[in-house]
Amino acid sequence: MNTPLPPPRIPQKGDRVLVAMSGGVDSSVAAALLVEAGCDVVGVTMKLHGDGADVPDRPCCSLDATSDARRVCETLGIPHYVTNLVDHFGHDVLDDFVQEYARGRTPIPCVRCNTFTKFRDLLDKADAIDARWLATGHYARMGRIGDEAVMLRGMDPSKDQSYFLWGIDRPVLDRLVLPIGTQTKAETREIARRFGLRTAEKIESQDICFVPDGDHVRVIREQLGADAPALQRGPIRLSNGAVVGEHDGFARFTIGQRKGLPGGFGAPMFVVEIVPAERAVVIGPRESLLGRGLEARELNWLYDAPAEGSTVQVQVRNRAAPSPATIVRLDRGGVELALDEPIQAISPGQSLVIYDGDLVLGGGVIERGMKAAPSRRLPLLAG
């Protein structure tokens, strides 16, 4: 759906807005634009886990980040609060992260955090202070279809973050404000300079917030112990069963990975499957990564679910190009899609997000990729 939609409902002058402030430039500018519009803005920073005092220059979830958010609020002349969500984050995000790797899957903790921790808890905080609106610094947009609020991709494809937002509760959309979704990152930084915000030049992190050193295995070891099956040695084998090496734990691998694999083959080899029950990592050439279909579960719809047989666009990684697909099966058990063109490295545990043009329809958690497209259901003939 690339036809322009009516503009979203937005806060009016004097409306109270709760702004989630991470201490980065994006949320800082979101707050600044709402202040400029005359809204009654309240900033809140979420404490999600340890203070990160041992990690310098971490852009979120650290003492420095909280301090940056507080000082931005001082510059803007708005109140700032910190809310402790450590227990919720540990249960909703960290525990799931560890258990998914232990199952040979690759989770996206940012999706879990948005789905179960941030937006639900922030909406409770908004209700507690009589704030009609909740704002964040995500690069996505709001629109309307009739009287219903809908989510759209961010205007800048290189920064679009709608992929991470498919799991939030649908009623949240009616209160959600995304002030920077029509901007590029460069434009956001320029606005921050105009307001004199200390976060204007702050660097972005590409790491998971609770794995700032990139060593996710350390987190698994701390949670499950060094003797966890996912961290034990096991075979590296080909799809025909031939063992070609050993690994130090299948939790170190994800579908599509090339690093850490044995050499000596005529072509580059990649991880094509993880078999936790056998502690096995299966490798193969690039063409073995291609999937023509996929299944996803734990579905959440931000707009009306499409019908079986519908053509949609799907995305299986954050920066992947959208791919056309046909919905073959859709029920409470999940969705099966046949892909028009093969997609590489469809990874269990990652997110499937379903679009109609720029409109975010919804998404789910990938259960498996399929080498062959699932059979399209034929319509029943009248008796």
# chains A, B, ... in the order shown; residues from 1 in each chain; ligands from 1
call {"tool": "select_by_dssp", "arguments": {"residues": "stretch 23-206 of chain A", "states": "helix (DSSP H, G or I)", "output": "VMD selection string"}}
result
chain A and resid 25 to 36 63 to 76 86 to 102 109 to 128 162 to 164 170 to 175 185 to 194
call {"tool": "atom_distance", "arguments": {"atom1": "atom CA of A:Thr136", "atom2": "atom CA of A:Gly90"}}
result
21.7 Å
call {"tool": "closest_atom_pairs", "arguments": {"of": "stretch 223-336 of chain A", "to": "stretch 351-365 of chain A", "cutoff": "6 Å", "atoms": "only C-alpha atoms", "output": "CSV"}}
result
residue,atom,partner,partner_atom,distance
A:Ala296,CA,A:Val365,CA,5.2
A:Arg297,CA,A:Val365,CA,5.3
A:Glu298,CA,A:Gly364,CA,5.2
A:Leu299,CA,A:Gly364,CA,4.3
A:Asn300,CA,A:Gly362,CA,5.5
A:Trp301,CA,A:Gly362,CA,4.2
A:Leu302,CA,A:Gly362,CA,5.1
A:Tyr303,CA,A:Leu361,CA,5.0
A:Val312,CA,A:Asp356,CA,5.7
A:Gln313,CA,A:Tyr355,CA,5.0
A:Val314,CA,A:Ile354,CA,4.6
A:Gln315,CA,A:Val353,CA,5.3
A:Val316,CA,A:Leu352,CA,4.8
call {"tool": "closest_residue", "arguments": {"among": "A:Met151, A:Ala126, A:Ala37, A:Ile168", "to": "A:Cys113", "atoms": "only C-alpha atoms"}}
result
A:Ile168
call {"tool": "residues_around", "arguments": {"residues": "A:Thr182", "least_positions_apart": "3", "cutoff": "12 Å", "atoms": "only C-alpha atoms", "output": "PyMOL selection string"}}
result
chain A and resi 7+30+137-143+152-157+159-161+177-179+185-188
call {"tool": "write_last_selection", "arguments": {"atoms": "N, CA and C atoms", "output": "short mmCIF file (atom, residue, chain, number, x, y, z; two decimals), in the first residue's frame"}}
result
data_model
loop_
_atom_site.label_atom_id
_atom_site.label_comp_id
_atom_site.auth_asym_id
_atom_site.auth_seq_id
_atom_site.Cartn_x
_atom_site.Cartn_y
_atom_site.Cartn_z
N PRO A 7 -2.73 11.85 7.14
CA PRO A 7 -1.74 11.99 8.22
C PRO A 7 -2.29 11.44 9.53
N ALA A 30 13.29 13.59 19.27
CA ALA A 30 11.85 13.35 19.37
C ALA A 30 11.24 14.23 20.47
N GLY A 137 11.86 7.47 19.72
CA GLY A 137 12.74 7.95 18.66
C GLY A 137 12.99 6.92 17.58
N HIS A 138 12.01 6.07 17.30
CA HIS A 138 12.17 5.07 16.24
C HIS A 138 11.96 5.70 14.86
N TYR A 139 12.70 5.17 13.89
CA TYR A 139 12.54 5.60 12.50
C TYR A 139 11.44 4.74 11.84
N ALA A 140 10.21 5.08 12.17
CA ALA A 140 9.03 4.52 11.54
C ALA A 140 7.99 5.63 11.55
N ARG A 141 6.87 5.42 10.86
CA ARG A 141 5.87 6.48 10.76
C ARG A 141 4.51 5.95 11.17
N MET A 142 3.65 6.87 11.55
CA MET A 142 2.26 6.55 11.81
C MET A 142 1.41 7.11 10.68
N GLY A 143 0.29 6.44 10.41
CA GLY A 143 -0.67 6.91 9.42
C GLY A 143 -2.07 6.51 9.86
N LEU A 152 3.75 2.61 9.49
CA LEU A 152 4.38 2.58 8.17
C LEU A 152 5.89 2.53 8.32
N ARG A 153 6.54 2.11 7.27
CA ARG A 153 8.01 2.16 7.25
C ARG A 153 8.50 3.59 7.45
N GLY A 154 9.71 3.72 8.00
CA GLY A 154 10.35 5.01 8.05
C GLY A 154 10.62 5.52 6.64
N MET A 155 10.65 6.85 6.49
CA MET A 155 10.82 7.44 5.16
C MET A 155 12.19 7.11 4.56
N ASP A 156 13.21 7.02 5.41
CA ASP A 156 14.58 6.73 4.95
C ASP A 156 14.81 5.22 5.02
N PRO A 157 14.89 4.53 3.87
CA PRO A 157 15.04 3.08 3.90
C PRO A 157 16.27 2.61 4.66
N LYS A 159 17.40 3.71 7.39
CA LYS A 159 17.22 3.81 8.84
C LYS A 159 15.90 3.22 9.32
N ASP A 160 15.07 2.74 8.43
CA ASP A 160 13.76 2.21 8.82
C ASP A 160 13.89 1.18 9.94
N GLN A 161 13.13 1.36 11.02
CA GLN A 161 13.17 0.46 12.17
C GLN A 161 11.84 -0.25 12.41
N VAL A 177 3.38 8.12 19.00
CA VAL A 177 3.90 9.24 18.21
C VAL A 177 5.35 8.92 17.85
N LEU A 178 5.69 9.08 16.57
CA LEU A 178 7.03 8.79 16.08
C LEU A 178 7.55 10.04 15.36
N PRO A 179 8.06 11.00 16.10
CA PRO A 179 8.34 12.33 15.53
C PRO A 179 9.45 12.36 14.48
N LYS A 185 18.97 10.33 9.27
CA LYS A 185 19.80 10.49 10.47
C LYS A 185 20.52 11.83 10.44
N ALA A 186 20.99 12.24 9.27
CA ALA A 186 21.68 13.52 9.17
C ALA A 186 20.75 14.67 9.56
N GLU A 187 19.50 14.60 9.15
CA GLU A 187 18.54 15.65 9.52
C GLU A 187 18.28 15.64 11.02
N THR A 188 18.23 14.45 11.61
CA THR A 188 18.03 14.36 13.06
C THR A 188 19.19 15.01 13.80
#
call {"tool": "decode", "arguments": {"residues": "stretch 361-373 of chain A", "atoms": "all heavy atoms", "output": "PDB file, in the first residue's frame"}}
result
ATOM      1  N   LEU A 361       1.867  -4.842   8.266  1.00  0.00           N
ATOM      2  CA  LEU A 361       0.698  -5.661   8.581  1.00  0.00           C
ATOM      3  C   LEU A 361       0.878  -6.394   9.905  1.00  0.00           C
ATOM      4  O   LEU A 361      -0.046  -6.500  10.702  1.00  0.00           O
ATOM      5  CB  LEU A 361       0.444  -6.667   7.463  1.00  0.00           C
ATOM      6  CG  LEU A 361       0.088  -6.077   6.090  1.00  0.00           C
ATOM      7  CD1 LEU A 361      -0.050  -7.193   5.067  1.00  0.00           C
ATOM      8  CD2 LEU A 361      -1.204  -5.270   6.181  1.00  0.00           C
ATOM      9  N   GLY A 362       2.077  -6.903  10.137  1.00  0.00           N
ATOM     10  CA  GLY A 362       2.347  -7.664  11.360  1.00  0.00           C
ATOM     11  C   GLY A 362       3.581  -8.512  11.180  1.00  0.00           C
ATOM     12  O   GLY A 362       4.399  -8.269  10.294  1.00  0.00           O
ATOM     13  N   GLY A 363       3.705  -9.522  12.016  1.00  0.00           N
ATOM     14  CA  GLY A 363       4.884 -10.363  11.922  1.00  0.00           C
ATOM     15  C   GLY A 363       4.792 -11.552  12.855  1.00  0.00           C
ATOM     16  O   GLY A 363       3.763 -11.815  13.488  1.00  0.00           O
ATOM     17  N   GLY A 364       5.887 -12.276  12.933  1.00  0.00           N
ATOM     18  CA  GLY A 364       5.972 -13.453  13.780  1.00  0.00           C
ATOM     19  C   GLY A 364       7.415 -13.894  13.919  1.00  0.00           C
ATOM     20  O   GLY A 364       8.330 -13.268  13.374  1.00  0.00           O
ATOM     21  N   VAL A 365       7.613 -14.984  14.647  1.00  0.00           N
ATOM     22  CA  VAL A 365       8.943 -15.538  14.861  1.00  0.00           C
ATOM     23  C   VAL A 365       9.136 -16.705  13.906  1.00  0.00           C
ATOM     24  O   VAL A 365       8.299 -17.622  13.844  1.00  0.00           O
ATOM     25  CB  VAL A 365       9.123 -16.002  16.318  1.00  0.00           C
ATOM     26  CG1 VAL A 365      10.500 -16.622  16.515  1.00  0.00           C
ATOM     27  CG2 VAL A 365       8.931 -14.837  17.275  1.00  0.00           C
ATOM     28  N   ILE A 366      10.218 -16.671  13.159  1.00  0.00           N
ATOM     29  CA  ILE A 366      10.483 -17.710  12.161  1.00  0.00           C
ATOM     30  C   ILE A 366      10.704 -19.050  12.854  1.00  0.00           C
ATOM     31  O   ILE A 366      11.538 -19.172  13.758  1.00  0.00           O
ATOM     32  CB  ILE A 366      11.690 -17.346  11.292  1.00  0.00           C
ATOM     33  CG1 ILE A 366      11.381 -16.090  10.467  1.00  0.00           C
ATOM     34  CG2 ILE A 366      12.067 -18.509  10.363  1.00  0.00           C
ATOM     35  CD1 ILE A 366      12.575 -15.538   9.706  1.00  0.00           C
ATOM     36  N   GLU A 367       9.957 -20.052  12.412  1.00  0.00           N
ATOM     37  CA  GLU A 367      10.095 -21.409  12.931  1.00  0.00           C
ATOM     38  C   GLU A 367      11.048 -22.227  12.083  1.00  0.00           C
ATOM     39  O   GLU A 367      11.874 -22.969  12.589  1.00  0.00           O
ATOM     40  CB  GLU A 367       8.733 -22.078  12.982  1.00  0.00           C
ATOM     41  CG  GLU A 367       8.716 -23.429  13.660  1.00  0.00           C
ATOM     42  CD  GLU A 367       9.002 -23.365  15.144  1.00  0.00           C
ATOM     43  OE1 GLU A 367       8.842 -22.268  15.741  1.00  0.00           O
ATOM     44  OE2 GLU A 367       9.396 -24.399  15.726  1.00  0.00           O
ATOM     45  N   ARG A 368      10.946 -22.078  10.767  1.00  0.00           N
ATOM     46  CA  ARG A 368      11.832 -22.824   9.875  1.00  0.00           C
ATOM     47  C   ARG A 368      11.756 -22.233   8.482  1.00  0.00           C
ATOM     48  O   ARG A 368      10.756 -21.630   8.082  1.00  0.00           O
ATOM     49  CB  ARG A 368      11.458 -24.307   9.825  1.00  0.00           C
ATOM     50  CG  ARG A 368      10.076 -24.587   9.247  1.00  0.00           C
ATOM     51  CD  ARG A 368       9.663 -26.033   9.416  1.00  0.00           C
ATOM     52  NE  ARG A 368       8.311 -26.253   8.914  1.00  0.00           N
ATOM     53  CZ  ARG A 368       8.032 -26.920   7.793  1.00  0.00           C
ATOM     54  NH1 ARG A 368       9.010 -27.429   7.058  1.00  0.00           N
ATOM     55  NH2 ARG A 368       6.779 -27.095   7.418  1.00  0.00           N
ATOM     56  N   GLY A 369      12.850 -22.421   7.750  1.00  0.00           N
ATOM     57  CA  GLY A 369      12.852 -22.149   6.327  1.00  0.00           C
ATOM     58  C   GLY A 369      12.642 -23.444   5.571  1.00  0.00           C
ATOM     59  O   GLY A 369      12.874 -24.535   6.096  1.00  0.00           O
ATOM     60  N   MET A 370      12.178 -23.339   4.344  1.00  0.00           N
ATOM     61  CA  MET A 370      11.890 -24.521   3.530  1.00  0.00           C
ATOM     62  C   MET A 370      12.650 -24.426   2.213  1.00  0.00           C
ATOM     63  O   MET A 370      12.653 -23.378   1.565  1.00  0.00           O
ATOM     64  CB  MET A 370      10.389 -24.623   3.244  1.00  0.00           C
ATOM     65  CG  MET A 370       9.499 -24.557   4.480  1.00  0.00           C
ATOM     66  SD  MET A 370       7.747 -24.523   4.022  1.00  0.00           S
ATOM     67  CE  MET A 370       6.997 -24.060   5.585  1.00  0.00           C
ATOM     68  N   LYS A 371      13.278 -25.511   1.844  1.00  0.00           N
ATOM     69  CA  LYS A 371      14.012 -25.527   0.580  1.00  0.00           C
ATOM     70  C   LYS A 371      13.069 -25.414  -0.608  1.00  0.00           C
ATOM     71  O   LYS A 371      13.411 -24.805  -1.622  1.00  0.00           O
ATOM     72  CB  LYS A 371      14.838 -26.818   0.461  1.00  0.00           C
ATOM     73  CG  LYS A 371      15.862 -27.010   1.568  1.00  0.00           C
ATOM     74  CD  LYS A 371      16.859 -25.873   1.607  1.00  0.00           C
ATOM     75  CE  LYS A 371      17.893 -26.101   2.719  1.00  0.00           C
ATOM     76  NZ  LYS A 371      18.796 -24.944   2.862  1.00  0.00           N
ATOM     77  N   ALA A 372      11.891 -26.030  -0.483  1.00  0.00           N
ATOM     78  CA  ALA A 372      10.885 -25.937  -1.541  1.00  0.00           C
ATOM     79  C   ALA A 372       9.712 -25.117  -1.035  1.00  0.00           C
ATOM     80  O   ALA A 372       9.401 -25.117   0.165  1.00  0.00           O
ATOM     81  CB  ALA A 372      10.418 -27.328  -1.953  1.00  0.00           C
ATOM     82  N   ALA A 373       9.057 -24.415  -1.927  1.00  0.00           N
ATOM     83  CA  ALA A 373       7.897 -23.615  -1.539  1.00  0.00           C
ATOM     84  C   ALA A 373       6.767 -24.533  -1.105  1.00  0.00           C
ATOM     85  O   ALA A 373       6.527 -25.574  -1.732  1.00  0.00           O
ATOM     86  CB  ALA A 373       7.441 -22.743  -2.705  1.00  0.00           C
TER      87      ALA A 373
END
